[in-house]
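**Q** Dumping the structure here so I can ask a few things about it.
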Amino acid sequence: MIRRIGLWALITGLAAGLFSAQAKPAKVIAIKNAWIIPVVGDDIDGGTILIRDGKIEALGKDVAVPAGTEVVDARGLRAYPGMIDGYSFLGLQEITGVNETVDNRETGRINPQVRALEALRYDSMHIPISRSNGITAALVAPTGGLISGQSALIKLDGWTERQMAIQVSAAMQIEFPPIRGGRGGFGGGGGMRGGAQTADATRLITELRELFAKARAYEKRKAYAAKTPSAAPPDFDETSEFLSPVLKGELPVMISVHADRDIRAAIQFIKDENLKAIFYGAEQGWKVAEDIKKANIPVILSDLYAMPPVWEDGYDQLFRNPVILNKAGVKIAFASSSASVAKDLPYHAAKAAAFGLDKKEALKAVTITPAEIFGVDKIMGSLEKGKAANIVLADGDILEQRTNIRKVYIDGRETDLSNRYTELLEKFKKK
Amino acid sequence: MTKIFRICFLCAVLLVSNARPAPAADGDLLIKNGTILTVTKGVVPKGDILVLGGIIRQIGPNLAPPAGVKVIDAAGRFVIPGLIDSHTHIAIAGTNEGSEAITPEADVGAVVNADDTAILTALSGGVTMAHTMHGSANPIGGPNVVLKMKWGRPSEELLVPEALRTLKFALGENVKQSSRVVQAGGPPPRYPQTRMGTNAIIRREMLKAKAYLAEWDRYAKLKASKTPPANLLPPRKDLRMEVLSDLLRGKMVARVHDYQATEALEFIEIAKEFGFKVQCLEHAWEAYKIADELAAAKIGISVFADSWAYKMEAAEGIAYTAGYCAKRGVLVSINSDSSERIRRLYNDAAKSMKYGGLTETEALSLVTINPAIQLGVEKIVGSLEVGKQGDIAIFNEHPMSAYTRCDMTIIEGEVYFDRAQYLKDREEAEKKAPPAPAKKDGGRS
């Protein structure tokens with residue numbers, strides 16, 4: 001045990017100090033001469049972005065720069081909105097094989113009461129690595145069981161987990177029980193992941209429905225008791241308590257679901273329970289793209305670094321899935337599904353583009369679309385007047401591996417791009 | 001709904017059509033008008049490659065196709081050497097003989113499985129050759145094998161006889177069984193359980209092998225003498241010692257799974273002590289800490305691009321490793337160690353441009369000529385040069401771009417993967433799909 005604690009001290013010790021100074025006094029910054037790619041709206045070649053109080057005050061060709069403004073010359077660079085990772089384990093996993101450093105999976109099956117943010121290791125060594133690749137926000141999700149807990153939407157900068165929170169509670173994570181099991185990759189060696197692997201899927205779906213029914217009855221009884229002095233309130237029920245915001249439509253559910261049949265069953269579940277829903281995974285979404293579109297459910301795609309769910313789907317199926325969903329009009333966003341390689345988010349988008357997704361659509365799917373899906377598109381996801389100044393300056397296409405990220409601003413603050421990689425490299429360069 | 005049913009049907013058809021490409025026997029083809037990235041001899045902006053009998057005969061502009069030779073139009077596309085994965089476990093039946101710590105007799109070459117679909121996966125990412133290795137459960141694992149990704153051909157045709165014979169060693173957490181939980185009543189822990197023990201057991205085996213060799217030498221000398229003793233008996237043959245003897249005689253080279261700098265350096269000390277060759281360190285996540293030592297000892301590394309932090313000994317594996325070590329003069333290759341990751345080796349190689357500042361050609365070398373040198377096959381593959389085997393991949397965009405895709409993979413002048421054909425087959429199958437049954441209620445379970 002002492003050995004483990006020692007190791008952990010080593011990790012945190014090295015990772016400390018890798019993030020930026022927050023809460024510096026607000027200042028006015030002008031990024032000049034950049035090729036601005038706002039994502040929403042046309043590109044502006046050789047434009048200026050004026051930042052005040054952490055927000056974009058103006059952008060365009062002819063922006064007046066007030067005296068005393070800090071000017072950043074971005075000649076030769078492109079300005080993008082910071083990318084948003086649709087599903088990650090940032091801050092919840094450090095070294096996946098060392099259990100002491102893993103906090104994304106609570107024991108038991110029904111855990112609507114647990115919140116990812118409350119376990120977020122704000123000084124995780126993985127966060128500055130993602131940030132230095134142009135990612136400025138991420139969903140951090142709990143996994144496992146049937147109801148995994150509440151995910152959080154965070155910005156990748158801050159001295160505490162609360163400073164980093166954009167949404168303390170972003171969605172209720174549900175892992176939909178897979179009807180189809182056993183065959184090929186379904187839950188086994190192939191591309192399908194997550195889900196409560198069981199032959200008793202029907203029973204589990206029934207259990208899920210019962211939990212929602214029970215929570216509804218609990219709400220009703222609570223409401224009745226509140227206005228009826230003679231009526232006793234229901235006995236406290238933790239699950240019902242924490243499902244309440246979901247029932248009221250205040251909190252969306254994010255349903256992990258993978259195979260076509262399960263997706264259709266999940267659509268029915270969402271309809272019956274009248275839920276605000278987001279899908280995560282949907283590896284076989286292409287087979288039921290029209291159903292997903294009709295149900296108007298956006299999809300956070302799981303990472304594309306996996307084998308096709310079943311061989312018969314074709315070797316390129318995971319790469320083609322986003323293309324077909326996008327064509328059908330389904331809202332898609334990419335995700336790293338990782339902590340240690342969350343930095344690879346842009347490459348998932350590029351991979352789909354290599355197999356037919358329009359490059360602009362690919363870019364949207366790591367910026368404005370995830371912002372829309374999480375309901376934060378009014379404040380982030382594109383470079384527009386009034387939005388948070390989450391800006392990435394890059395020497396090339398932001399989805400390219402060859403591109404270097406030069407500066408990353410979050411809420412108008414320039415962030416520190418050093419990280420565990422660079423710290424170790426610099427140390428041993430001195431050897 | 002109709003569509004779903006049709007797709008299911010066509011997939012079944014595809015599987016059949018993908019299963020066995022008809023192997024044309026001649027190995028002749030002409031690739032026209034591509035941007036040729038030779039890796040070793042620069043870039044030919046618009047050129048042709050003529051392959052006859054499986055061998056590259058000519059590279060240059062405006063080559064005329066000899067009669068009857070298949071022509072492939074690569075206009076607007078990139079023609080590169082077939083990629084080589086220096087460390088995999090694909091296309092074998094069984095990876096680890098983990099019951100004992102020392103198993104040099106457990107030869108991976110004896111269990112080649114040509115039906116592993118990972119071969120097809122590899123081809124879809126432009127990979128034509130892979131080093132398929134014994135696992136990392138044992139300090140001394142067993143001999144590895146070098147295979148060409150000839151999907152549809154019998155196992156023996158996949159073997160590459162020109163390749164170096166390599167022997168797998170492993171150090172660190174895996175061999176000391178860090179993640180193993182000893183259960184009451186279960187088997188006791190296997191020796192070794194520490195890095196000290198790991199080195200000690202390897203040294204012990206090497207001492208035994210040295211003695212074994214000496215005993216055979218003594219026997220050979222006596223037998224060759226003018227008056228051999230009466231009743232001279234040969235020493236007892238030991239299959240483990242036979243393999244280690246080959247290593248000590250220089251007939252094999254060591255490939256060593258390691259993570260930490262100390263264990264790597266100490267293994268190199270053992271190799272010096274016994275005079276065998278360490279060809280390459282596998283994973284070697286701390287190689288950047290000892291880059292100069294590795295360069296001086298002429299020991300290569302075969303590493304991940306950025307897969308790290310999955311266990312304690314991988315906690316300091318930085319994505320700069322490949323690029324930085326290459327710049328310090330270490331022979332570096334990037335491997336997949338995975339039947340999925342193998343199809344995006346080119347993506348992994350490209351990361352060394354951002355992390356390490358390599359040029360496009362240097363980055364591409366990490367998955368072509370460098371692994372070829374590590375496997376001792378640089379005279380026959382690893383670059384596009386006249387006289388080398390016609391192992392070629394064609395990409396739609398520059399292979400170091402994130403937007404690129406492999407369109408065709410060729411081994412010895414034979415097309416083993418053709419995306420255009422795949423798409424055509426898919427379309428054909430879609431047409432042939434039977435009508436779907438009537439739609440039932442929306443999937444309610």
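Residues in the structure tokens are named by chain (A, B, ... in the order shown) and by number from 1 within that chain; ligands are numbered from 1 in the order shown.
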Which residues, written as a VMD selection string, have at least one atom at most 8 Å from Leu425 of chain A, with only C-alpha atoms counted and residues fewer than 5 positions away on the same chain left out?
**A** chain B and resid 288 318 320
**Q** Can you list, as a ChimeraX atom specification, every protein, DNA or RNA residue that comes within 12 Å of segment 70-73 of chain B when you count only C-alpha atoms, leaving out same-chain residues fewer than 5 positions away?
**A** /B:24,26-35,46-52,63-65,78-79,392-394,396,407-410,413-415,418,420
**Q** Compile the residues of chain A that lie within 7 Å of chain B, evaluated using only C-alpha atoms, and express the compilation as an MDAnalysis selection string.
**A** chainID A and resid 94:98 202 261 264:265 268 287 306:307 312:314 340 347 350:351 353:354 400:404 421 428
**Q** Find the distance between atom CA of Ile174 of chain A and atom CA of Thr160 of chain A and write it in Å to one decimal.
**A** 27.0 Å
**Q** Please identify all polymer residues within 9 Å of segment 208-217 of chain A, counting only C-alpha atoms, omitting same-chain residues fewer than 2 positions from it, and present them as a PyMOL selection string.
**A** chain A and resi 146-147+203-206+219-222+237+239-244+247+269+273
**Q** What lies within 12 Å of segment 237-239 of chain B using only C-alpha atoms, ignoring chain neighbours under 4 positions off, as a list in words?
**A** Ile102, Thr103, Pro104, Glu105, Ala106, Asp107, Gly142, Lys208, Ala209, Tyr212, Leu213, Glu215, Trp216, Leu233, Val243, Leu244, Ser245 and Asp246 of chain B
**Q** Calculated over only C-alpha atoms, which of the candidates A:Ile31, A:Leu92, A:Ala394, A:Ile129 has the smallest distance to Glu423 of chain A?
**A** A:Ile129
**Q** May I ask for the distance between atom CA of Thr367 of chain A and atom CA of Glu70 of chain A, given in Å to one decimal place?
**A** 26.5 Å
**Q** What does the structure give for the distance between atom CA of Leu164 of chain B and atom CA of Lys298 of chain B, in Å to one decimal?
**A**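 Rounded to one decimal, the two atoms are 16.2 Å apart.
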**Q** Restrict the calculation to only C-alpha atoms, then for each residue of segment 247-291 of chain A with any atom at most 12 Å from an atom of segment 149-155 of chain A give the closest atom pair and their distance in Å to one decimal, rows by chain and rising residue number, as a tab-separated table.
**A**
```
residue	atom	partner	partner_atom	distance
A:Leu251	CA	A:Gln150	CA	9.4
A:Pro252	CA	A:Gln150	CA	9.9
A:Val253	CA	A:Gln150	CA	9.0
A:Met254	CA	A:Ser151	CA	8.9
A:Ile255	CA	A:Gly149	CA	11.4
```
**Q** Residues of segment 201-336 of chain B in helix (DSSP H, G or I) according to DSSP, as a PyMOL selection string?
**A** chain B and resi 201-224+239-248+261-274+287-296+312-314+321-327
**Q** Using only C-alpha atoms, which residues sit within 9 Å of Ala287 of chain B once same-chain residues fewer than 6 positions away are excluded, as a list in words?
**A**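 Listing them by chain and then by number gives Tyr259, Gln260, Ala261, Ala264, Leu281, Leu294, Ile301, Gly317, Thr321, Ala322 and Cys325 of chain B.
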**Q** Which one of A:Gln317, A:Ile29, A:Gly76, A:Val168 sits closest to Leu59 of chain A if you count only C-alpha atoms?
**A**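 Comparing A:Gln317, A:Ile29, A:Gly76, A:Val168 against Leu59 of chain A, the winner is A:Ile29.
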**Q** So that I can check the secondary structure, give me every residue of segment 155-380 of chain B assigned strand (DSSP E or B) by backbone DSSP, as a list in words.
**A** Leu159, Thr166, Leu167, Lys168, Phe169, Ala170, Val253, Ala254, Arg255, Val256, His257, Asp258, Val278, Gln279, Cys280, Leu281, Glu282, His283, Gly300, Ile301, Ser302, Val303, Val332, Ser333 and Ile334 of chain B
**Q** May I have the residues within 9 Å of Asp53 of chain A as a PyMOL selection string, using only C-alpha atoms and disregarding those fewer than 2 positions away in the same chain?
**A** chain A and resi 25-28+51+55-57+389+411-412
